[in-house]
Each structure stands twice: as C-alpha cells, then as structure tokens.
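First the structure, in the form of structure tokens, and then the observations on it.
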There are 2 protein chains.
Amino acid sequence: MKNVSFFLFLLLIIPFSVNGQTLQEKLGYPADAKLLIIHGDDVGVSHSQNQASFDAIKNGLVTSTSTMVPAPWSAEVAQMAKEIENPDIGIHITLTNEWLHYNWGPEAGREKVAGLANSIGHMYPSCAEVSEHASPEDVEMEVRSQIQTAKAMGIDITHLDSHMGCMFFGRPEYLRVYVKLALENKIPAMINRELYQGLIQPNPDLFAGINVDKLPIIDQIIMADEEAYEKGMDKFYTRALKNLPAGVHVILIHLAFDDQEMNAVTAGHDSFHAPWRQQDYDFFTSEKAKKLIEENNIKLITWREIGKVL
Amino acid sequence: MKNVSFFLFLLLIIPFSVNGQTLQEKLGYPADAKLLIIHGDDVGVSHSQNQASFDAIKNGLVTSTSTMVPAPWSAEVAQMAKEIENPDIGIHITLTNEWLHYNWGPEAGREKVAGLANSIGHMYPSCAEVSEHASPEDVEMEVRSQIQTAKAMGIDITHLDSHMGCMFFGRPEYLRVYVKLALENKIPAMINRELYQGLIQPNPDLFAGINVDKLPIIDQIIMADEEAYEKGMDKFYTRALKNLPAGVHVILIHLAFDDQEMNAVTAGHDSFHAPWRQQDYDFFTSEKAKKLIEENNIKLITWREIGKVL
C-alpha cells in the first residue's frame, strides 16, 4: 500500500463504536485495551518476502499476513502456512503490478477481465490506471478468482485487504465489491473508521442490500510512508507503539530481505524497495519492539480473532 | 529442455540435405563449413537468467536466445534486447512450469486454454502431464498468444523452439502446430534431422497442407545432460566443440548466476539448477571457449541468418 499517509491518525483517541460497544469490547477485552495486528503485507511476490514474513511470524512479532494470489510465489505461501498453527492469512487483493520488469496478469485471465490487463496482459502499475480501465464487474470477477485460487491452494482465508489500497482509492463501486465479498465469505475486510465514516456510512445507496452493520471496523491503519523512511523507521514504529491509544489497530508493514532477488524485483523504486523491507523485518523481529509492546501493554491479536465476532 | 540426451549425435558426420543442397550451402558457406548457434535458453524466467544470458550475448559467445513469454521476467527480455543490434530472440514455447513454488499460468488465460492449467491455474510441471491434458487446439491457441505477446512487447521474433521439448515429445499434433506456426510467421523452428526423419517425414498425413520442404533442418542439437554435468561441463563442451562436424548445429545452454534468486527459483532440483547454469555462463564467456571456436574453425551464426533463406 502506498500514499495512505492520511490514514495516520495517531492521535485519535475517542473509542469508536457502531452499535454502542467498541470492537475491543466485542472481542472480550476492556474498553481501554490496546489491541494490535502487526500485518506483513505482500507475501507471494518473491521468495525473499515469503521467507522474511514467515520468519517474522514464527520468530518475531508479526501476527498476520495476506497473499498476492496472481504473483509468482503465491503457491509457496500456502506451503509455508502449513508450518504454522492457525495461520492468519488473508487475500491481499491485487489489481496492480507496480514493478518495472517483474510481472503478472490477472488471476481470472486477461480476456475474462480485460479491464485489468494492459496490452501485454499484465496488470497496470497504479490504482489510477485500474480505475480508468477496470469495471466493477471486472474487479468482482478478479477478486472472486483470487479467493477461489487461494482456497484451491489450501489457504484458510481469514480476511481481505487491498494491495496499494486500490479497493479504497479506486472507483467507489470497488469498495462495494470489497465489503460484499467479505460478508459473503464471512471474513472481515480491513476497514478503519475513516473509510467507514467517509465512504461507507454516507453512501447508503452504494451499499444498498449489504448489511454494513455486520462489518468490524478497526480504529486505525498505521503505515510508514516515504517521510517516515527518510526520518528513520525505528523512530516511526517506536513512536507508533508508544502512542498507541485504546482500540483495535493494524500496523501494515512490508517484510523482505535486502537481497539480490528483492533488489531485482524492486529495481527503479526508491520506496517499498529492498532496504525499506529489510528495515521492517529488522524492527519487528527485534528485542526492542518486543519490549515496547510489553511496556505499553499492547495485546497482539489476529484477524482470525476478529473474524469470530462476525 | 531436459531428457533429450538422445539428441546427442556428436558423431554424425554425413552432411544432411533435403533438396540436394546442405543448409550450410544454402546459407552461402562451403559444404565443409562448421556453423554453430550457441543458444541461451530460458530467458524471461528470472532476472538472474536475463542478466547472465544477455551478458554472455554482449561479452561472451552466445549468439541467440529464446524467451519464455508467460514467465514473470519476460518483459525485461524485451528491454534488454534493445541494447543489442539485431538481437536473435525466439519464442521458447512454454507449456510447462517445472519449479516447485515459482509459478506462472498460460499466456492465453486459464479458462481459454483450460488443458494447459492445473487446478490452481498454473502450468503443469512435465510434458507428460501437458500431453495428458492439453488438446492440440489448446496448444495452438497458447503458442499464438505467446507470439502475440512477444510482438506486443516489441520483440522481433527470429525463431521458435520448445521449452523442455514438449512440442516434440508431446502429442504428435503439437509438432504440426509448431511447424505450421513457424511457416505462418515466416521464421525457422528448431528442428534437427532426427526430428525431421523420425517424426515429420514419415507422417505425411499429420503434416498435410503444410509445405515441410520449406523448413530449414539443422544437423544436431547438442545439450548437456545430467551425466555431462556430473563428469564436468567443461569437458563436455570442450569435446563438443573439438568434434563438431561440418553442418549447422545448435548448442543449447542455460545461463544464470548461482545467486540467491536462482537458487530460490530452482530449489528442490538437482539439474538445470543455479550452479549448473553458472557453469554454462562461465564456459561460454571464457577465453578457452573462444579459442576452441577459433582453433576448430567454427563459424558462429544466428537464427536470423537461417531465417533469411526461408
């Protein structure tokens, strides 16, 4: 995910409730509990990302991940998941292919969802291009195909989220598809209160026929942006953990090793590239992060746990 | 390509001619000329293979390559080709996906050519499985799609050949598709005299309506197998170059670096894996190989040159 710095509302401390009870209370915790999902995005793209993310789940602090089904290494995710008890793996809905020379096309096939494939059959690099070309029907068919393939790979899908946020920042109808397919599959979709209050709640017509009250809404999505990377990831994550308010929060991180494969994949990019991802791995497998979580009374949870209240 | 050791007829020295004139003579060389294409297979699969192959074209002895269009790094091949004058790049027709956790599906889309995709949408790992599931119609549609995509990527296709030899060792009708599409595109398809005399010539019904006399037939396809690898690639290639008879020959090699990416891609395999490919790179960029070619009066040619006599 990129360009979502407006998601960063670290100072919002008013507990959010849709039906009188906060999500943390629905999950069986007190209203002042600080619940956190540490989510490693983007598995499935490279072996480097798979290795780093699963290592950080097994030996570090990462609680959850979500897989990019159309990407070349997605079958390995299903294999690696077998080594973990109750793995928390969602679908990182993938409508884009942002890397210069490392490509994939839509899971449903370039002819079936023509709006999601460029002239050589690959996905477009940006959400803006997706919105320009892909109908909500294309997107729905593609998401269904990604869910179907993940199940065929043997993944017990715990949640939906959205690579680069295209389901949120694309056409408003994409968000309807996102909400609809989460409820249909009886799994949560990552939605924070800002998305809910800004796009879902005020658009009853768009969500007609969908029981949005059944959605679990989290408080914050916290993610490092270019500025955070420049100023130092350690500083950014330390501050995020120290200032975490009561509520249910997700930190989105992007783990990989700064190795030859990852540098090849992310060549030509100066953000979300190999060294950036190595820093995410380093911080969330560190003793320092472990202590920060303990000292600040942060309780790590999973989407699987949230899914149970649906 | 694997399991093609029966291709290795290093001692065949009777010049082959279909219409009274040998291919080397048609190309403007004397009948006793030793013409050789040094062909780097499998570009498009990884950045490591692309880098090693193009480096060996620019700085080593490799004259030709062919790209695996459905694989993740195929767009980079088109980019790298721009750095070379008259690059000799064919379609390495890809019907399989033999790596454990690094996958791709058919270029035409899993629903359009259902016989070429397994239950999770990836290609099958072996030619035998392809033959079991894929109709000749599936294969024709897929090859057309790979040709179309390569052209859309900007590749000036000089020839066809076949990854793992599935077009040769699969259903006999696949070979008809191979020959038909080469002639239709006015480019050579890699066919040696053994394939011609064993499968094409004795099956006039299968090739009805196709002017097989227009095919340029090469003498030998030389490729290292597991035994050659065990005994030493240097020894195998040295012998091949020293004993090369008059005629038109292709040495198929598989270049990559023995790096982290390539080891990840080829994990679980003990042939055609990263160290094997590094040895191919090392030999065909060496001063020793250069001298062997000079000392044995071997003339390096390309498929582009052969294509001109069509």
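Following the order of the structure tokens, first chain is A, next is B, and so on, with residues numbered from 1 inside each chain and ligands from 1 in the order they appear.
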- Message: I'd like to know which residues of segment 17-73 of chain B are strand (DSSP E) (by DSSP, run on the backbone); could you write them as an NGL selection string?
- Response: :B and (34-43 or 64-67)
Go ahead and write the residues just picked, N, CA and C atoms, as a PDB file, in the first residue's frame.
```pdb
ATOM      1  N   LYS B  34      31.632 -25.522 -40.640  1.00  0.00           N
ATOM      2  CA  LYS B  34      31.046 -25.891 -39.345  1.00  0.00           C
ATOM      3  C   LYS B  34      30.342 -24.648 -38.785  1.00  0.00           C
ATOM      4  N   LEU B  35      29.041 -24.656 -38.873  1.00  0.00           N
ATOM      5  CA  LEU B  35      28.273 -23.493 -38.406  1.00  0.00           C
ATOM      6  C   LEU B  35      27.604 -23.829 -37.075  1.00  0.00           C
ATOM      7  N   LEU B  36      27.640 -22.883 -36.174  1.00  0.00           N
ATOM      8  CA  LEU B  36      27.130 -23.152 -34.827  1.00  0.00           C
ATOM      9  C   LEU B  36      26.350 -21.968 -34.250  1.00  0.00           C
ATOM     10  N   ILE B  37      25.165 -22.308 -33.745  1.00  0.00           N
ATOM     11  CA  ILE B  37      24.402 -21.346 -32.932  1.00  0.00           C
ATOM     12  C   ILE B  37      24.630 -21.731 -31.470  1.00  0.00           C
ATOM     13  N   ILE B  38      25.105 -20.784 -30.687  1.00  0.00           N
ATOM     14  CA  ILE B  38      25.214 -21.030 -29.238  1.00  0.00           C
ATOM     15  C   ILE B  38      24.017 -20.332 -28.593  1.00  0.00           C
ATOM     16  N   HIS B  39      23.099 -21.145 -28.148  1.00  0.00           N
ATOM     17  CA  HIS B  39      21.756 -20.675 -27.805  1.00  0.00           C
ATOM     18  C   HIS B  39      21.511 -20.732 -26.299  1.00  0.00           C
ATOM     19  N   GLY B  40      21.276 -19.582 -25.701  1.00  0.00           N
ATOM     20  CA  GLY B  40      20.956 -19.498 -24.268  1.00  0.00           C
ATOM     21  C   GLY B  40      19.460 -19.613 -24.069  1.00  0.00           C
ATOM     22  N   ASP B  41      19.035 -20.737 -23.546  1.00  0.00           N
ATOM     23  CA  ASP B  41      17.601 -20.974 -23.346  1.00  0.00           C
ATOM     24  C   ASP B  41      17.073 -20.250 -22.102  1.00  0.00           C
ATOM     25  N   ASP B  42      15.764 -20.161 -22.047  1.00  0.00           N
ATOM     26  CA  ASP B  42      15.033 -19.863 -20.795  1.00  0.00           C
ATOM     27  C   ASP B  42      15.074 -18.431 -20.303  1.00  0.00           C
ATOM     28  N   VAL B  43      15.424 -17.455 -21.134  1.00  0.00           N
ATOM     29  CA  VAL B  43      15.314 -16.095 -20.602  1.00  0.00           C
ATOM     30  C   VAL B  43      13.842 -15.782 -20.344  1.00  0.00           C
ATOM     31  N   SER B  64      22.381 -16.420 -29.597  1.00  0.00           N
ATOM     32  CA  SER B  64      20.930 -16.433 -29.687  1.00  0.00           C
ATOM     33  C   SER B  64      20.309 -16.777 -28.342  1.00  0.00           C
ATOM     34  N   THR B  65      19.051 -16.409 -28.204  1.00  0.00           N
ATOM     35  CA  THR B  65      18.295 -16.789 -27.018  1.00  0.00           C
ATOM     36  C   THR B  65      16.827 -16.914 -27.401  1.00  0.00           C
ATOM     37  N   SER B  66      16.037 -17.481 -26.505  1.00  0.00           N
ATOM     38  CA  SER B  66      14.595 -17.503 -26.754  1.00  0.00           C
ATOM     39  C   SER B  66      13.884 -17.350 -25.425  1.00  0.00           C
ATOM     40  N   THR B  67      12.766 -16.635 -25.465  1.00  0.00           N
ATOM     41  CA  THR B  67      12.129 -16.156 -24.242  1.00  0.00           C
ATOM     42  C   THR B  67      10.885 -16.941 -23.869  1.00  0.00           C
TER      43      THR B  67
END
```
- If we count only C-alpha atoms, which residues of chain A reach to within 8 Å of chain B? Please list them as an NGL selection string. :A and (47 or 72-76 or 101-104 or 107-111 or 119-121 or 149 or 152-153 or 259-261 or 264)
Keeping only N, CA, C and O atoms, take the residues you just selected and write them out as a tab-separated table (two decimals), in the first residue's frame.
```
chain	number	residue	atom	x	y	z
A	47	HIS	N	10.34	-14.90	-3.18
A	47	HIS	CA	10.79	-15.82	-2.14
A	47	HIS	C	11.34	-15.05	-0.95
A	47	HIS	O	11.13	-15.42	0.21
A	72	PRO	N	3.98	-14.55	-8.65
A	72	PRO	CA	4.63	-15.84	-8.94
A	72	PRO	C	4.89	-16.76	-7.75
A	72	PRO	O	4.99	-17.96	-7.94
A	73	TRP	N	5.06	-16.22	-6.56
A	73	TRP	CA	5.43	-17.05	-5.41
A	73	TRP	C	4.26	-17.33	-4.47
A	73	TRP	O	4.47	-17.67	-3.30
A	74	SER	N	3.03	-17.19	-4.95
A	74	SER	CA	1.88	-17.35	-4.05
A	74	SER	C	1.67	-18.79	-3.60
A	74	SER	O	1.18	-19.03	-2.50
A	75	ALA	N	2.06	-19.76	-4.43
A	75	ALA	CA	1.89	-21.15	-4.00
A	75	ALA	C	2.79	-21.48	-2.81
A	75	ALA	O	2.44	-22.31	-1.96
A	76	GLU	N	3.94	-20.81	-2.74
A	76	GLU	CA	4.84	-21.04	-1.61
A	76	GLU	C	4.23	-20.56	-0.30
A	76	GLU	O	4.51	-21.12	0.77
A	101	HIS	N	9.98	-4.71	-14.32
A	101	HIS	CA	10.22	-5.81	-15.26
A	101	HIS	C	9.83	-7.15	-14.69
A	101	HIS	O	10.22	-8.20	-15.20
A	102	TYR	N	9.07	-7.13	-13.62
A	102	TYR	CA	8.69	-8.37	-12.93
A	102	TYR	C	7.16	-8.35	-12.89
A	102	TYR	O	6.56	-7.53	-12.19
A	103	ASN	N	6.56	-9.22	-13.66
A	103	ASN	CA	5.15	-9.00	-13.98
A	103	ASN	C	4.23	-10.19	-13.76
A	103	ASN	O	4.67	-11.33	-13.77
A	104	TRP	N	2.97	-9.85	-13.61
A	104	TRP	CA	1.91	-10.86	-13.57
A	104	TRP	C	0.65	-10.25	-14.17
A	104	TRP	O	0.51	-9.03	-14.26
A	107	GLU	N	-5.58	-12.94	-12.27
A	107	GLU	CA	-5.81	-14.34	-11.97
A	107	GLU	C	-6.93	-14.93	-12.84
A	107	GLU	O	-6.87	-16.08	-13.25
A	108	ALA	N	-7.93	-14.11	-13.13
A	108	ALA	CA	-9.09	-14.60	-13.90
A	108	ALA	C	-8.77	-14.75	-15.38
A	108	ALA	O	-9.56	-15.33	-16.11
A	109	GLY	N	-7.61	-14.24	-15.81
A	109	GLY	CA	-7.25	-14.34	-17.22
A	109	GLY	C	-7.49	-13.02	-17.93
A	109	GLY	O	-8.48	-12.34	-17.73
A	110	ARG	N	-6.55	-12.66	-18.78
A	110	ARG	CA	-6.57	-11.35	-19.44
A	110	ARG	C	-7.79	-11.11	-20.31
A	110	ARG	O	-8.18	-9.97	-20.54
A	111	GLU	N	-8.38	-12.19	-20.82
A	111	GLU	CA	-9.55	-11.98	-21.68
A	111	GLU	C	-10.83	-11.87	-20.88
A	111	GLU	O	-11.76	-11.17	-21.26
A	119	SER	N	-1.84	-3.92	-22.56
A	119	SER	CA	-1.76	-4.50	-23.91
A	119	SER	C	-0.89	-5.76	-23.96
A	119	SER	O	-1.01	-6.54	-24.90
A	120	ILE	N	-0.03	-5.98	-22.98
A	120	ILE	CA	0.76	-7.22	-22.98
A	120	ILE	C	0.26	-8.21	-21.92
A	120	ILE	O	0.94	-9.18	-21.61
A	121	GLY	N	-0.90	-7.94	-21.37
A	121	GLY	CA	-1.53	-8.91	-20.48
A	121	GLY	C	-1.18	-8.76	-19.01
A	121	GLY	O	-1.66	-9.53	-18.18
A	149	THR	N	-8.72	-19.30	-6.05
A	149	THR	CA	-7.38	-19.89	-6.18
A	149	THR	C	-6.71	-20.09	-4.82
A	149	THR	O	-6.11	-21.14	-4.57
A	152	ALA	N	-8.11	-23.08	-3.35
A	152	ALA	CA	-7.60	-24.27	-4.05
A	152	ALA	C	-6.16	-24.58	-3.64
A	152	ALA	O	-5.73	-25.73	-3.65
A	153	MET	N	-5.42	-23.54	-3.27
A	153	MET	CA	-4.04	-23.74	-2.78
A	153	MET	C	-4.03	-24.29	-1.36
A	153	MET	O	-2.97	-24.65	-0.86
A	259	ASP	N	18.13	-8.49	-0.33
A	259	ASP	CA	18.97	-9.43	-1.05
A	259	ASP	C	18.87	-9.21	-2.57
A	259	ASP	O	18.16	-8.30	-3.02
A	260	GLN	N	19.60	-10.04	-3.30
A	260	GLN	CA	19.70	-9.85	-4.75
A	260	GLN	C	18.34	-9.96	-5.44
A	260	GLN	O	17.98	-9.17	-6.30
A	261	GLU	N	17.55	-10.96	-5.01
A	261	GLU	CA	16.22	-11.14	-5.62
A	261	GLU	C	15.34	-9.92	-5.39
A	261	GLU	O	14.69	-9.41	-6.32
A	264	ALA	N	16.32	-6.97	-7.32
A	264	ALA	CA	15.93	-7.12	-8.73
A	264	ALA	C	14.45	-6.79	-8.91
A	264	ALA	O	14.07	-6.04	-9.80
```
Please identify all polymer residues within 10 Å of Ser131 of chain B, counting only C-alpha atoms, omitting same-chain residues fewer than 5 positions from it, and present them as a compact mmCIF listing (two decimals) with all heavy atoms, in the first residue's frame.
```
# COMPACT_ATOMS: atom_id res chain seq x y z
N LEU B 95 5.02 -24.56 -22.29
CA LEU B 95 3.77 -25.25 -21.94
C LEU B 95 3.83 -25.78 -20.50
O LEU B 95 2.82 -26.30 -20.01
CB LEU B 95 3.51 -26.41 -22.90
CG LEU B 95 3.49 -26.06 -24.40
CD1 LEU B 95 3.21 -27.31 -25.22
CD2 LEU B 95 2.45 -24.99 -24.70
N GLY B 115 -6.83 -26.84 -20.75
CA GLY B 115 -5.99 -28.04 -20.71
C GLY B 115 -4.54 -27.75 -20.36
O GLY B 115 -3.77 -28.67 -20.10
N LEU B 116 -4.17 -26.49 -20.34
CA LEU B 116 -2.78 -26.13 -20.02
C LEU B 116 -2.63 -25.61 -18.59
O LEU B 116 -1.53 -25.20 -18.20
CB LEU B 116 -2.26 -25.09 -21.01
CG LEU B 116 -1.86 -25.67 -22.38
CD1 LEU B 116 -1.76 -24.57 -23.43
CD2 LEU B 116 -0.54 -26.42 -22.28
N TYR B 124 1.38 -27.23 -15.92
CA TYR B 124 1.84 -28.49 -15.34
C TYR B 124 3.37 -28.55 -15.36
O TYR B 124 4.00 -27.95 -16.23
CB TYR B 124 1.28 -29.67 -16.14
CG TYR B 124 -0.21 -29.82 -16.01
CD1 TYR B 124 -1.06 -29.38 -17.02
CD2 TYR B 124 -0.78 -30.38 -14.87
CE1 TYR B 124 -2.45 -29.50 -16.91
CE2 TYR B 124 -2.17 -30.51 -14.75
CZ TYR B 124 -2.99 -30.07 -15.76
OH TYR B 124 -4.34 -30.18 -15.65
N SER B 126 5.40 -31.14 -16.16
CA SER B 126 6.07 -32.01 -17.13
C SER B 126 5.33 -32.06 -18.47
O SER B 126 4.12 -31.84 -18.55
CB SER B 126 6.16 -33.44 -16.58
OG SER B 126 4.85 -34.00 -16.54
N PRO B 136 -4.44 -30.33 -28.95
CA PRO B 136 -3.65 -29.55 -29.92
C PRO B 136 -4.23 -28.15 -30.12
O PRO B 136 -3.48 -27.20 -30.35
CB PRO B 136 -3.75 -30.39 -31.20
CG PRO B 136 -4.02 -31.79 -30.71
CD PRO B 136 -4.86 -31.64 -29.48
N VAL B 139 -2.94 -25.99 -27.38
CA VAL B 139 -1.54 -25.67 -27.61
C VAL B 139 -1.41 -24.62 -28.71
O VAL B 139 -0.66 -23.64 -28.57
CB VAL B 139 -0.73 -26.95 -27.95
CG1 VAL B 139 0.67 -26.61 -28.43
CG2 VAL B 139 -0.66 -27.87 -26.71
N CYS B 166 8.52 -30.02 -25.14
CA CYS B 166 7.13 -30.52 -25.12
C CYS B 166 6.48 -30.52 -26.50
O CYS B 166 5.58 -31.34 -26.75
CB CYS B 166 6.26 -29.70 -24.18
SG CYS B 166 6.75 -29.79 -22.45
N MET B 167 6.91 -29.63 -27.38
CA MET B 167 6.33 -29.62 -28.72
C MET B 167 6.79 -30.84 -29.53
O MET B 167 6.15 -31.23 -30.50
CB MET B 167 6.71 -28.33 -29.48
CG MET B 167 6.21 -27.06 -28.86
SD MET B 167 4.41 -26.92 -28.71
CE MET B 167 3.92 -26.48 -30.39
N PHE B 169 8.05 -33.90 -27.85
CA PHE B 169 7.82 -35.15 -27.12
C PHE B 169 6.38 -35.29 -26.65
O PHE B 169 6.02 -36.27 -26.01
CB PHE B 169 8.76 -35.23 -25.91
CG PHE B 169 10.18 -34.97 -26.26
CD1 PHE B 169 10.93 -34.01 -25.63
CD2 PHE B 169 10.79 -35.69 -27.30
CE1 PHE B 169 12.24 -33.76 -25.98
CE2 PHE B 169 12.10 -35.45 -27.66
CZ PHE B 169 12.82 -34.47 -26.99
N GLY B 170 5.56 -34.26 -26.95
CA GLY B 170 4.15 -34.34 -26.58
C GLY B 170 3.36 -35.09 -27.64
O GLY B 170 3.89 -35.91 -28.36
N ARG B 171 2.08 -34.76 -27.75
CA ARG B 171 1.27 -35.41 -28.79
C ARG B 171 1.84 -35.04 -30.16
O ARG B 171 2.29 -33.90 -30.36
CB ARG B 171 -0.18 -34.93 -28.71
CG ARG B 171 -0.84 -35.23 -27.39
CD ARG B 171 -2.34 -34.94 -27.49
NE ARG B 171 -2.94 -34.82 -26.18
CZ ARG B 171 -4.21 -34.51 -25.95
NH1 ARG B 171 -5.03 -34.28 -26.99
NH2 ARG B 171 -4.68 -34.43 -24.74
N PRO B 172 1.81 -35.97 -31.12
CA PRO B 172 2.36 -35.66 -32.45
C PRO B 172 1.73 -34.41 -33.07
O PRO B 172 2.41 -33.66 -33.79
CB PRO B 172 2.00 -36.90 -33.28
CG PRO B 172 1.74 -37.99 -32.28
CD PRO B 172 1.27 -37.33 -31.02
N TYR B 174 1.13 -31.69 -31.69
CA TYR B 174 1.81 -30.47 -31.23
C TYR B 174 2.91 -30.08 -32.22
O TYR B 174 3.17 -28.91 -32.46
CB TYR B 174 2.48 -30.66 -29.86
CG TYR B 174 1.59 -30.96 -28.69
CD1 TYR B 174 2.16 -31.26 -27.45
CD2 TYR B 174 0.20 -30.94 -28.78
CE1 TYR B 174 1.37 -31.53 -26.33
CE2 TYR B 174 -0.59 -31.23 -27.67
CZ TYR B 174 0.00 -31.54 -26.45
OH TYR B 174 -0.76 -31.82 -25.36
```
- Shortest interatomic distance to Ala182 of chain A - which of A:Leu206, A:Val130, A:Leu23, A:Ile93, counting only C-alpha atoms: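 Nearest to Ala182 of chain A: A:Ile93.
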- May I have all residues of segment 95-285 of chain B that DSSP, computed from the backbone, assigns to alpha helix (DSSP H), given as a ChimeraX atom specification? /B:127-133,136-152,166-169,172-184,193-195,226-231,233-242,260-265,274-283
- Query: With only C-alpha atoms as the basis for distance, which of A:Thr94, A:Ser135, A:Ser53, A:Asn297 is at the shortest distance from Glu173 of chain A?
  - Reply: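 Of the candidates, the smallest distance to Glu173 of chain A is held by A:Ser135.
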- From atom CA of Ala52 of chain A to atom CA of Asn296 of chain A the spacing works out at 25.7 Å
- Item | Interatomic distance, atom CA of Phe207 of chain A to atom CA of Gly165 of chain A (Å, one decimal) |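 Separation of atom CA of Phe207 of chain A and atom CA of Gly165 of chain A: 18.8 Å.
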- Polymer residues at most 8 Å from Arg193 of chain A, only C-alpha atoms, same-chain spacing of 4 or more positions, as a list in words: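 In the requested form, the answer reads Phe16, Gln197, Ile217, Ile218, Asp219 and Gln220 of chain A.
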How would the residues just chosen look if you wrote them out with C-alpha atoms as a tab-separated table (two decimals), in the first residue's frame?
```
chain	number	residue	atom	x	y	z
A	16	PHE	CA	-15.18	4.07	18.06
A	197	GLN	CA	-17.31	7.26	8.07
A	217	ILE	CA	-14.46	-1.52	11.93
A	218	ILE	CA	-10.96	-1.04	13.25
A	219	ASP	CA	-9.70	2.22	14.62
A	220	GLN	CA	-6.50	2.92	12.76
```
- Item | Which residue of A:Lys288, A:His254, A:Lys186, A:His249 approaches Leu300 of chain A most closely, using only C-alpha atoms |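 Using only C-alpha atoms, Leu300 of chain A sits closest to A:His249.
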